[in-house]
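Structure file model_19.cif (mmCIF, C-alpha atoms) is printed below.
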data_upload
loop_
_atom_site.label_atom_id
_atom_site.label_comp_id
_atom_site.auth_asym_id
_atom_site.auth_seq_id
_atom_site.Cartn_x
_atom_site.Cartn_y
_atom_site.Cartn_z
CA MET A 1 34.11 60.10 148.19
CA SER A 2 36.50 57.87 146.38
CA SER A 3 33.87 56.69 143.93
CA THR A 4 32.99 60.28 143.05
CA ASP A 5 36.64 61.00 142.40
CA ALA A 6 36.85 58.04 140.04
CA THR A 7 33.81 59.23 138.13
CA ASP A 8 35.27 62.69 137.82
CA GLU A 9 38.47 61.27 136.44
CA VAL A 10 36.60 59.31 133.79
CA THR A 11 34.65 62.36 132.70
CA THR A 12 37.84 64.44 132.55
CA SER A 13 39.71 61.93 130.45
CA ARG A 14 36.74 61.56 128.14
CA GLY A 15 36.67 65.33 127.89
CA PHE A 16 40.33 65.35 126.97
CA ALA A 17 39.91 62.67 124.32
CA ALA A 18 36.99 64.55 122.83
CA ARG A 19 38.84 67.86 122.83
CA TRP A 20 41.95 66.22 121.38
CA SER A 21 39.98 64.69 118.54
CA ILE A 22 38.78 68.17 117.64
CA LEU A 23 42.14 69.85 118.12
CA GLN A 24 44.43 67.26 116.53
CA PRO A 25 43.46 67.74 112.85
CA TRP A 26 44.00 71.48 113.28
CA LEU A 27 47.36 70.99 114.97
CA SER A 28 48.40 68.54 112.27
CA LEU A 29 47.34 71.08 109.64
CA VAL A 30 49.59 73.71 111.22
CA VAL A 31 52.47 71.21 111.40
CA ARG A 32 51.93 70.14 107.79
CA LEU A 33 51.92 73.70 106.48
CA SER A 34 54.94 74.67 108.63
CA MET A 35 56.91 71.80 107.15
CA ALA A 36 55.93 72.95 103.65
CA GLY A 37 57.02 76.50 104.53
CA ILE A 38 60.37 75.28 105.86
CA LEU A 39 60.98 73.33 102.65
CA ILE A 40 60.11 76.28 100.42
CA ALA A 41 62.35 78.58 102.46
CA ALA A 42 65.13 76.03 102.04
CA ALA A 43 64.54 75.45 98.33
CA ILE A 44 64.23 78.95 96.87
CA PRO A 45 67.73 80.31 97.68
CA LYS A 46 69.25 77.07 96.43
CA MET A 47 67.30 77.27 93.17
CA LEU A 48 68.38 80.88 92.67
CA ASN A 49 72.04 80.10 93.30
CA SER A 50 72.75 76.56 92.23
CA ASP A 51 76.52 77.15 92.22
CA GLU A 52 76.37 77.89 95.91
CA SER A 53 74.18 74.87 96.57
CA VAL A 54 76.64 72.64 94.71
CA ARG A 55 79.55 74.09 96.69
CA ALA A 56 77.67 73.51 99.94
CA VAL A 57 77.09 69.86 99.03
CA ARG A 58 80.72 69.51 98.01
CA ALA A 59 81.94 70.98 101.30
CA TYR A 60 80.57 67.97 103.20
CA ARG A 61 83.04 65.77 101.29
CA LEU A 62 80.55 62.90 101.48
CA LEU A 63 79.51 62.32 97.88
CA PRO A 64 81.79 61.48 94.94
CA GLU A 65 82.47 64.47 92.70
CA ALA A 66 80.55 62.82 89.84
CA LEU A 67 77.32 63.11 91.87
CA VAL A 68 77.90 66.44 93.62
CA PRO A 69 76.72 68.84 90.86
CA PHE A 70 73.54 66.86 90.17
CA PHE A 71 72.71 66.44 93.84
CA GLY A 72 73.32 70.11 94.59
CA THR A 73 71.15 71.24 91.65
CA ALA A 74 68.36 68.70 92.10
CA LEU A 75 67.94 68.89 95.88
CA PRO A 76 65.88 72.13 95.93
CA TYR A 77 63.52 70.74 93.26
CA PHE A 78 62.99 67.65 95.36
CA GLU A 79 62.32 69.87 98.38
CA MET A 80 59.84 71.89 96.33
CA VAL A 81 57.90 68.79 95.22
CA LEU A 82 57.76 67.57 98.80
CA ALA A 83 56.52 71.01 99.88
CA LEU A 84 53.71 70.94 97.28
CA VAL A 85 52.68 67.44 98.36
CA LEU A 86 52.55 68.69 101.96
CA ILE A 87 50.52 71.77 101.02
CA VAL A 88 47.80 69.74 99.34
CA GLY A 89 48.00 67.13 102.11
CA VAL A 90 48.16 63.95 100.16
CA PHE A 91 49.56 60.66 101.51
CA THR A 92 50.49 62.65 104.56
CA ARG A 93 51.90 59.77 106.55
CA TRP A 94 54.20 58.75 103.70
CA THR A 95 55.26 62.34 103.23
CA ALA A 96 56.17 62.50 106.90
CA ILE A 97 58.30 59.39 106.43
CA VAL A 98 60.09 60.95 103.44
CA TRP A 99 60.67 64.11 105.51
CA LEU A 100 62.14 62.08 108.36
CA ILE A 101 64.44 60.14 106.03
CA MET A 102 65.62 63.45 104.59
CA MET A 103 66.23 64.87 108.05
CA ALA A 104 68.14 61.73 109.02
CA ALA A 105 70.39 62.23 105.99
CA PHE A 106 70.95 65.90 106.82
CA VAL A 107 71.66 65.20 110.48
CA PHE A 108 74.12 62.54 109.40
CA GLY A 109 75.82 65.02 107.06
CA VAL A 110 76.14 67.70 109.71
CA ALA A 111 77.30 65.19 112.35
CA TRP A 112 79.87 63.95 109.86
CA ALA A 113 81.17 67.44 109.15
CA TRP A 114 81.21 68.20 112.87
CA ALA A 115 83.08 65.00 113.71
CA LYS A 116 85.58 65.60 110.91
CA GLY A 117 86.14 69.12 112.16
CA TYR A 118 85.13 70.80 108.88
CA SER A 119 84.41 74.47 109.26
CA ILE A 120 81.27 74.58 107.18
CA ASP A 121 77.85 76.07 107.34
CA CYS A 122 75.10 73.55 106.65
CA GLY A 123 73.83 75.37 103.58
CA CYS A 124 70.38 74.14 104.48
CA PHE A 125 68.69 77.45 103.65
CA GLY A 126 71.04 78.43 100.86
CA GLY A 127 74.45 79.90 101.34
CA GLY A 128 76.71 77.64 103.26
CA GLY A 129 79.69 75.64 102.30
CA ASP A 130 82.24 77.95 103.65
CA VAL A 131 82.67 79.78 106.90
CA ALA A 132 85.72 80.81 108.84
CA ALA A 133 86.85 78.45 111.55
CA GLY A 134 85.08 79.19 114.79
CA THR A 135 81.93 80.57 113.21
CA THR A 136 80.25 77.22 112.61
CA ASN A 137 77.08 76.71 114.62
CA TYR A 138 76.77 72.96 114.90
CA PRO A 139 74.96 72.81 118.29
CA GLN A 140 72.28 75.36 117.31
CA HIS A 141 71.96 73.61 114.03
CA MET A 142 71.37 70.24 115.68
CA LEU A 143 68.74 71.82 117.94
CA GLU A 144 66.96 73.20 114.88
CA ARG A 145 67.10 69.74 113.29
CA ALA A 146 65.62 68.22 116.45
CA GLY A 147 62.66 70.61 116.08
CA PHE A 148 62.22 69.58 112.44
CA VAL A 149 62.34 65.92 113.41
CA ALA A 150 59.70 66.55 116.10
CA LEU A 151 57.41 68.11 113.47
CA GLY A 152 57.87 65.07 111.24
CA VAL A 153 57.20 62.61 114.06
CA PHE A 154 54.02 64.47 115.02
CA LEU A 155 52.71 64.27 111.47
CA LEU A 156 53.72 60.62 111.23
CA VAL A 157 51.72 59.77 114.36
CA PHE A 158 48.80 62.12 113.58
CA PRO A 159 48.56 62.34 109.79
CA ARG A 160 44.85 63.24 109.76
CA THR A 161 44.54 66.94 108.94
CA HIS A 162 41.85 69.33 107.85
CA ALA A 163 41.84 70.78 104.36
CA SER A 164 43.74 67.85 102.91
CA LEU A 165 43.43 65.85 99.72
CA ASP A 166 43.63 62.81 101.99
CA SER A 167 40.19 63.55 103.43
CA TRP A 168 38.83 64.59 100.03
CA MET A 169 39.89 61.21 98.65
CA LYS A 170 37.91 59.47 101.37
CA GLY A 171 34.91 61.68 100.64
CA GLU A 172 35.16 63.41 104.00
CA PRO A 173 34.48 67.14 104.42
CA LEU A 174 37.56 69.38 104.13
CA PHE A 175 36.63 71.16 107.33
CA PRO A 176 34.47 70.04 110.25
CA ARG A 177 30.87 71.19 109.88
CA PRO A 178 30.03 73.73 112.57
CA MET B 1 11.16 34.16 103.09
CA ALA B 2 11.30 37.77 104.16
CA SER B 3 15.08 37.52 104.51
CA ASN B 4 15.42 36.93 100.74
CA THR B 5 13.98 40.33 99.96
CA PRO B 6 15.59 43.00 102.07
CA PRO B 7 13.72 46.23 102.59
CA SER B 8 14.25 48.67 99.76
CA ASP B 9 15.83 51.33 102.00
CA LYS B 10 18.47 48.83 103.06
CA LEU B 11 19.21 48.10 99.41
CA ALA B 12 19.45 51.77 98.61
CA GLU B 13 21.82 52.26 101.47
CA ALA B 14 24.07 49.43 100.30
CA LYS B 15 24.00 50.88 96.78
CA LYS B 16 24.89 54.30 98.10
CA LYS B 17 27.74 52.83 100.10
CA ALA B 18 29.07 50.97 97.08
CA GLN B 19 28.81 54.13 94.97
CA ALA B 20 30.69 56.10 97.61
CA GLN B 21 33.41 53.46 97.58
CA VAL B 22 33.71 53.64 93.80
CA ASN B 23 33.89 57.45 94.00
CA ALA B 24 36.58 57.26 96.67
CA GLN B 25 38.57 54.85 94.52
CA GLN B 26 38.30 57.13 91.51
CA ARG B 27 39.41 60.11 93.52
CA ARG B 28 42.32 58.14 94.90
CA ALA B 29 43.43 57.08 91.43
CA LEU B 30 43.23 60.68 90.24
CA VAL B 31 45.29 61.90 93.16
CA VAL B 32 47.90 59.18 92.69
CA TRP B 33 48.35 60.29 89.08
CA ILE B 34 48.57 63.93 90.08
CA VAL B 35 51.31 63.12 92.59
CA ILE B 36 53.20 60.97 90.09
CA GLY B 37 52.91 63.79 87.57
CA LEU B 38 54.22 66.29 90.10
CA VAL B 39 57.22 64.11 90.88
CA ILE B 40 57.98 63.69 87.18
CA VAL B 41 57.71 67.42 86.55
CA GLY B 42 60.03 68.05 89.51
CA LEU B 43 62.51 65.51 88.20
CA PHE B 44 62.50 67.08 84.75
CA ALA B 45 62.93 70.57 86.17
CA ALA B 46 65.89 69.32 88.22
CA LEU B 47 67.43 67.61 85.18
CA ILE B 48 67.03 70.73 83.04
CA ALA B 49 68.53 72.91 85.78
CA TYR B 50 71.42 70.48 86.08
CA ILE B 51 72.13 70.32 82.35
CA VAL B 52 71.89 74.09 81.96
CA ARG B 53 74.24 74.63 84.89
CA GLN B 54 76.75 72.06 83.68
CA GLY B 55 76.81 73.77 80.30
CA ASP B 56 77.13 77.27 81.82
CA VAL B 57 79.77 76.56 84.38
CA SER B 58 82.17 74.93 81.95
CA ASN B 59 81.42 77.38 79.14
CA VAL B 60 83.99 80.11 79.65
CA GLY B 61 83.60 82.92 77.20
CA GLY B 62 80.46 83.51 75.18
CA ALA B 63 79.04 86.81 73.98
CA GLY B 64 81.18 89.69 75.22
CA GLN B 65 83.16 87.41 77.51
CA SER B 66 86.88 86.81 77.61
CA THR B 67 89.32 84.39 79.19
CA PRO B 68 92.49 85.72 80.76
CA SER B 69 95.15 83.70 78.92
CA ILE B 70 97.64 84.80 81.57
CA ALA B 71 95.87 82.75 84.25
CA THR B 72 96.97 79.24 85.12
CA ASP B 73 94.67 76.31 84.33
CA ASN B 74 93.45 76.31 87.92
CA GLY B 75 92.58 80.01 87.78
CA GLY B 76 95.62 81.57 89.41
CA PHE B 77 97.58 84.73 88.55
CA GLY B 78 101.21 83.91 89.24
CA VAL B 79 103.47 86.64 90.59
CA GLY B 80 107.21 86.22 91.14
CA ALA B 81 109.89 88.53 92.54
CA SER B 82 109.24 91.20 89.89
CA GLY B 83 105.62 91.57 90.96
CA VAL B 84 104.33 91.16 87.39
CA VAL B 85 101.64 88.58 86.64
CA GLY B 86 102.99 85.85 84.40
CA GLY B 87 106.54 87.26 84.62
CA LYS B 88 109.60 85.38 83.40
CA ASP B 89 110.80 85.12 86.99
CA LEU B 90 108.16 82.53 87.84
CA ASP B 91 110.05 79.31 88.39
CA PRO B 92 108.74 75.84 89.23
CA SER B 93 111.75 75.38 91.52
CA HIS B 94 110.42 78.15 93.78
CA VAL B 95 108.00 77.36 96.57
CA ARG B 96 104.47 77.88 95.29
CA LEU B 97 101.75 79.49 97.33
CA ASP B 98 98.19 79.62 95.95
CA ILE B 99 95.96 82.14 97.68
CA TYR B 100 92.19 81.93 97.13
CA LEU B 101 90.42 85.14 98.02
CA ASP B 102 87.10 86.87 97.58
CA PHE B 103 87.12 90.67 97.48
CA MET B 104 84.00 90.74 99.66
CA CYS B 105 85.38 88.43 102.35
CA PRO B 106 86.34 90.36 105.51
CA ILE B 107 88.86 87.74 106.63
CA CYS B 108 90.55 88.02 103.23
CA GLY B 109 90.88 91.74 103.97
CA GLN B 110 92.44 90.92 107.35
CA PHE B 111 94.70 88.37 105.67
CA GLU B 112 95.85 90.99 103.18
CA GLN B 113 96.41 93.58 105.92
CA ALA B 114 98.25 91.25 108.26
CA ARG B 115 100.23 89.05 105.90
CA SER B 116 100.95 90.82 102.61
CA ALA B 117 104.26 92.27 103.89
CA GLU B 118 105.44 88.81 104.95
CA ILE B 119 104.38 87.24 101.64
CA ASP B 120 105.90 90.07 99.59
CA ALA B 121 109.22 89.70 101.43
CA LEU B 122 109.40 85.98 100.64
CA ARG B 123 108.39 86.65 97.05
CA THR B 124 110.87 89.48 96.37
CA ALA B 125 113.62 87.36 97.95
CA GLY B 126 113.03 84.86 95.15
CA THR B 127 111.94 82.07 97.50
CA LEU B 128 108.26 82.16 96.74
CA ASP B 129 105.96 82.43 93.75
CA VAL B 130 102.47 83.52 94.70
CA TYR B 131 99.41 82.58 92.67
CA TYR B 132 96.41 84.76 93.41
CA HIS B 133 92.98 83.28 92.76
CA PRO B 134 90.22 85.89 92.88
CA ILE B 135 87.06 83.79 93.24
CA ALA B 136 83.42 84.65 93.92
CA ILE B 137 81.77 82.72 96.72
CA LEU B 138 80.11 85.66 98.48
CA ASP B 139 77.90 87.05 95.74
CA ARG B 140 74.96 86.61 98.11
CA ALA B 141 76.57 89.12 100.49
CA SER B 142 76.20 92.21 98.29
CA GLN B 143 72.43 92.72 98.09
CA GLY B 144 72.14 91.24 94.63
CA THR B 145 74.93 93.26 92.98
CA ALA B 146 77.26 90.24 92.83
CA TYR B 147 80.18 92.34 94.04
CA SER B 148 82.48 89.32 94.40
CA THR B 149 82.07 88.42 90.74
CA ARG B 150 82.38 92.02 89.53
CA ALA B 151 85.50 92.66 91.59
CA ALA B 152 87.11 89.38 90.50
CA SER B 153 86.24 90.19 86.87
CA ALA B 154 88.03 93.56 87.19
CA ALA B 155 91.04 91.83 88.77
CA ALA B 156 91.18 89.31 85.90
CA LEU B 157 91.02 92.14 83.36
CA ILE B 158 93.89 94.00 85.03
CA ALA B 159 95.97 90.82 85.42
CA GLN B 160 95.54 90.22 81.69
CA GLU B 161 95.96 93.71 80.31
CA ALA B 162 98.05 95.49 82.97
CA PRO B 163 99.92 92.60 84.60
CA ASP B 164 102.36 94.88 86.43
CA LYS B 165 99.46 96.63 88.21
CA PHE B 166 97.60 93.57 89.43
CA LEU B 167 99.19 93.51 92.90
CA ALA B 168 98.69 97.24 93.46
CA PHE B 169 95.06 96.96 92.35
CA SER B 170 94.36 93.94 94.55
CA THR B 171 95.92 95.66 97.59
CA ALA B 172 93.90 98.82 96.93
CA MET B 173 90.68 96.82 96.56
CA PHE B 174 91.19 95.36 100.02
CA ALA B 175 92.18 98.74 101.45
CA ASN B 176 88.83 100.05 100.17
CA GLN B 177 86.91 96.88 100.96
CA PRO B 178 83.15 97.40 101.32
CA ALA B 179 81.32 95.95 104.32
CA GLU B 180 79.92 92.46 103.91
CA ASN B 181 76.21 92.58 103.01
CA SER B 182 76.49 96.12 101.66
CA THR B 183 75.90 96.72 97.96
CA GLY B 184 79.65 96.56 97.36
CA LEU B 185 81.56 99.07 95.26
CA THR B 186 80.15 100.47 92.03
CA GLU B 187 82.01 100.05 88.75
CA ALA B 188 82.87 103.75 88.91
CA THR B 189 84.50 103.31 92.33
CA ILE B 190 86.39 100.24 91.14
CA GLN B 191 87.60 102.31 88.17
CA ALA B 192 88.78 105.08 90.50
CA ILE B 193 90.66 102.52 92.61
CA ALA B 194 92.27 101.07 89.48
CA THR B 195 93.30 104.51 88.24
CA ALA B 196 94.83 105.34 91.61
CA ALA B 197 96.72 102.04 91.48
CA GLY B 198 98.28 103.10 88.20
CA VAL B 199 96.24 101.01 85.78
CA PRO B 200 96.33 102.62 82.29
CA ALA B 201 93.21 104.52 81.27
CA ASP B 202 92.36 102.25 78.32
CA VAL B 203 92.24 99.24 80.65
CA VAL B 204 90.29 101.14 83.31
CA ALA B 205 87.71 101.99 80.66
CA LYS B 206 87.02 98.29 80.10
CA ILE B 207 86.16 97.51 83.74
CA PRO B 208 82.39 98.15 83.34
CA ASP B 209 82.28 95.63 80.46
CA LEU B 210 82.52 92.82 83.07
CA ALA B 211 84.07 90.65 80.40
CA TYR B 212 85.46 88.02 82.75
CA THR B 213 82.41 87.02 84.79
CA THR B 214 81.90 83.63 83.12
CA TRP B 215 85.58 82.94 83.63
CA VAL B 216 85.25 83.90 87.32
CA ARG B 217 82.31 81.54 87.71
CA SER B 218 84.23 78.70 86.12
CA ALA B 219 87.39 79.44 88.15
CA THR B 220 85.31 79.50 91.34
CA GLU B 221 83.81 76.11 90.50
CA LYS B 222 87.28 74.77 89.71
CA ALA B 223 88.61 76.02 93.05
CA SER B 224 85.71 74.33 94.84
CA VAL B 225 86.41 71.05 93.03
CA ASP B 226 90.07 71.42 94.00
CA GLY B 227 89.00 71.46 97.66
CA VAL B 228 88.73 75.15 98.43
CA ALA B 229 85.89 75.29 100.94
CA GLY B 230 86.17 78.96 101.88
CA THR B 231 88.26 82.09 101.64
CA PRO B 232 90.99 82.83 102.34
CA THR B 233 92.44 79.43 101.57
CA VAL B 234 96.12 78.87 100.95
CA ALA B 235 97.74 75.93 99.22
CA LEU B 236 101.45 75.28 99.68
CA ASN B 237 103.04 73.60 96.67
CA GLY B 238 99.56 72.58 95.56
CA VAL B 239 98.38 71.18 98.89
CA ILE B 240 95.59 73.01 100.70
CA GLN B 241 96.69 73.99 104.19
CA ASP B 242 94.33 73.42 107.10
CA PRO B 243 96.11 73.80 110.44
CA SER B 244 92.89 73.08 112.37
CA THR B 245 93.03 69.43 111.30
CA ASN B 246 96.75 69.13 110.54
CA LYS B 247 98.93 71.08 112.96
CA ASP B 248 101.99 70.88 110.71
CA ASP B 249 100.20 72.83 108.00
CA LEU B 250 100.93 76.45 107.23
CA ASN B 251 99.11 78.59 109.79
CA TRP B 252 98.81 82.18 108.62
CA GLY B 253 96.93 83.02 111.81
CA VAL B 254 100.18 83.20 113.76
CA ASP B 255 102.94 85.73 113.12
CA GLY B 256 105.66 84.23 110.96
CA GLY B 257 103.59 81.14 110.24
CA ILE B 258 103.88 81.66 106.49
CA THR B 259 107.62 82.29 106.60
CA THR B 260 108.22 79.18 108.71
CA ALA B 261 106.21 76.94 106.39
CA VAL B 262 107.65 78.43 103.19
CA ASN B 263 111.25 78.18 104.40
CA LYS B 264 110.62 74.60 105.47
CA ALA B 265 109.18 73.81 102.03
CA ALA B 266 112.21 75.51 100.43
CA GLY B 267 114.50 73.32 102.51
CA LYS B 268 115.93 76.28 104.39
#

Would you put the structure from the file into structure tokens?
Amino acid sequence: MSSTDATDEVTTSRGFAARWSILQPWLSLVVRLSMAGILIAAAIPKMLNSDESVRAVRAYRLLPEALVPFFGTALPYFEMVLALVLIVGVFTRWTAIVWLIMMAAFVFGVAWAWAKGYSIDCGCFGGGGDVAAGTTNYPQHMLERAGFVALGVFLLVFPRTHASLDSWMKGEPLFPRP
Amino acid sequence: MASNTPPSDKLAEAKKKAQAQVNAQQRRALVVWIVIGLVIVGLFAALIAYIVRQGDVSNVGGAGQSTPSIATDNGGFGVGASGVVGGKDLDPSHVRLDIYLDFMCPICGQFEQARSAEIDALRTAGTLDVYYHPIAILDRASQGTAYSTRAASAAALIAQEAPDKFLAFSTAMFANQPAENSTGLTEATIQAIATAAGVPADVVAKIPDLAYTTWVRSATEKASVDGVAGTPTVALNGVIQDPSTNKDDLNWGVDGGITTAVNKAAGK
């Protein structure tokens, strides 16, 4: 009896590993494209209203005024480049690291504002800078960040995705052959 | 001896493998250059956007644009006891209150409703000079019509050309305040409000010219640099008041909070 059980277990775990190796590149593809989508959604409103983006950066009171306008204007372009790199799927593991560094900086900024008691909106997806006291949403915001960090960690651990330039570089097929 | 001459298929395989490696290396080099190119293009786009913005935001005036000479350097319209912008009754020895407001901001409307009587009483008593700063931080909240900028531009025009009607116009604009995220008021409606507030017809006729929008943008940026992180913001004798972090600061949220703080600043 017990030996049969052991055999079953082995087959099951092998089955899982096999299924995971099929599923993982697809999951990673979804994660990669979601991250690109999040970045584009964050970048476009900031590009369209750079004044607002600059004010949002300024509201954190973290950077010296000499850097604030450049940082506020340049940030969405940086986000857009990162989004394009994610879409084509090149150097995916490095991109995930850049994403995580960025998230760490943003989380630090929001934690800073929260700790200092500033009544500001993160301005992550445009807008931001200024809200009335009591309408800040720091906890929800941190939860959202945690989700973004989870996406980045997943891609860092499993950077192999379908339809990526990474696999094209290695001469692998873009999609698994049926 | 046979080991010296490997079978031809083995050789072909090794050749194929080497070729594949060379191909992979070439592809990698190509991709590296594409990514570097992308980063450079992004950097240039960011630099151009930055330079253009820096030029725009400090460039008050331009084609069809005006600067209200009656405004202070930090973008305020000063009103003393007489209620006229830039009046002779403005006096540096009075307590100074700077009020930053956005005509689209609902809390600014509440501020106006709840506190204008208190502020007016202090002002007409000759204790207080009030500097109104119409700024535009909520342009995103009017479905693309940039109501905050348009309304502030009209206010700047009236402060400049009908300085005795500025207060009446500002009050009426808040009394007729559109809902946040609506399209805001049209120029025609703003004109009607101005007419009802007693603004002369020749000034009312200029409202649709929107001649002060670049000035509004620059004044808004200046306010942000000066530490205004939202509206309404009040500064007492030049110091921004934030009772949530400093409990001794002016707190307009409580009845009489403004009077208490202003009298204290006046040494009364």

Exercise for the section: Residues of chain A near chain B: apply a cut-off of 8 Å, count all atoms listed in the file, and supply the list as a ChimeraX atom specification. Expected result: /A:50-52,55,58-59,65,69-70,73-75,77-78,80-81,85,90,117,120,127,129-132,165,168-171

Practice task
Please write the residues picked by the PyMOL selection byres ((chain B and resi 249) around 12) on this file as a ChimeraX atom specification.
Solution key: /B:234-237,239-248,250-254,257-258,260-262,264-265

Completion exercise
One decimal place gives the atom CA of Asp98 of chain B-atom CA of Ile158 of chain B separation as 18.6 Å

Exercise for the section: Run the PyMOL selection byres ((chain A and resi 140-153) around 12) against the file shown and list the residues it catches, as a PyMOL selection string. Expected result: chain A and resi 27-39+86+92-111+114+120-125+135-139+154-159

Exercise for the section: Compute the distance from (93.8, 82.1, 87.5) to each atom, counting all atoms listed in the file, keep the residues with any atom at most 8 Å away, and return them as a ChimeraX atom specification; use the coordinates of the file. Expected result: /B:68,70-78,131-134,156,219
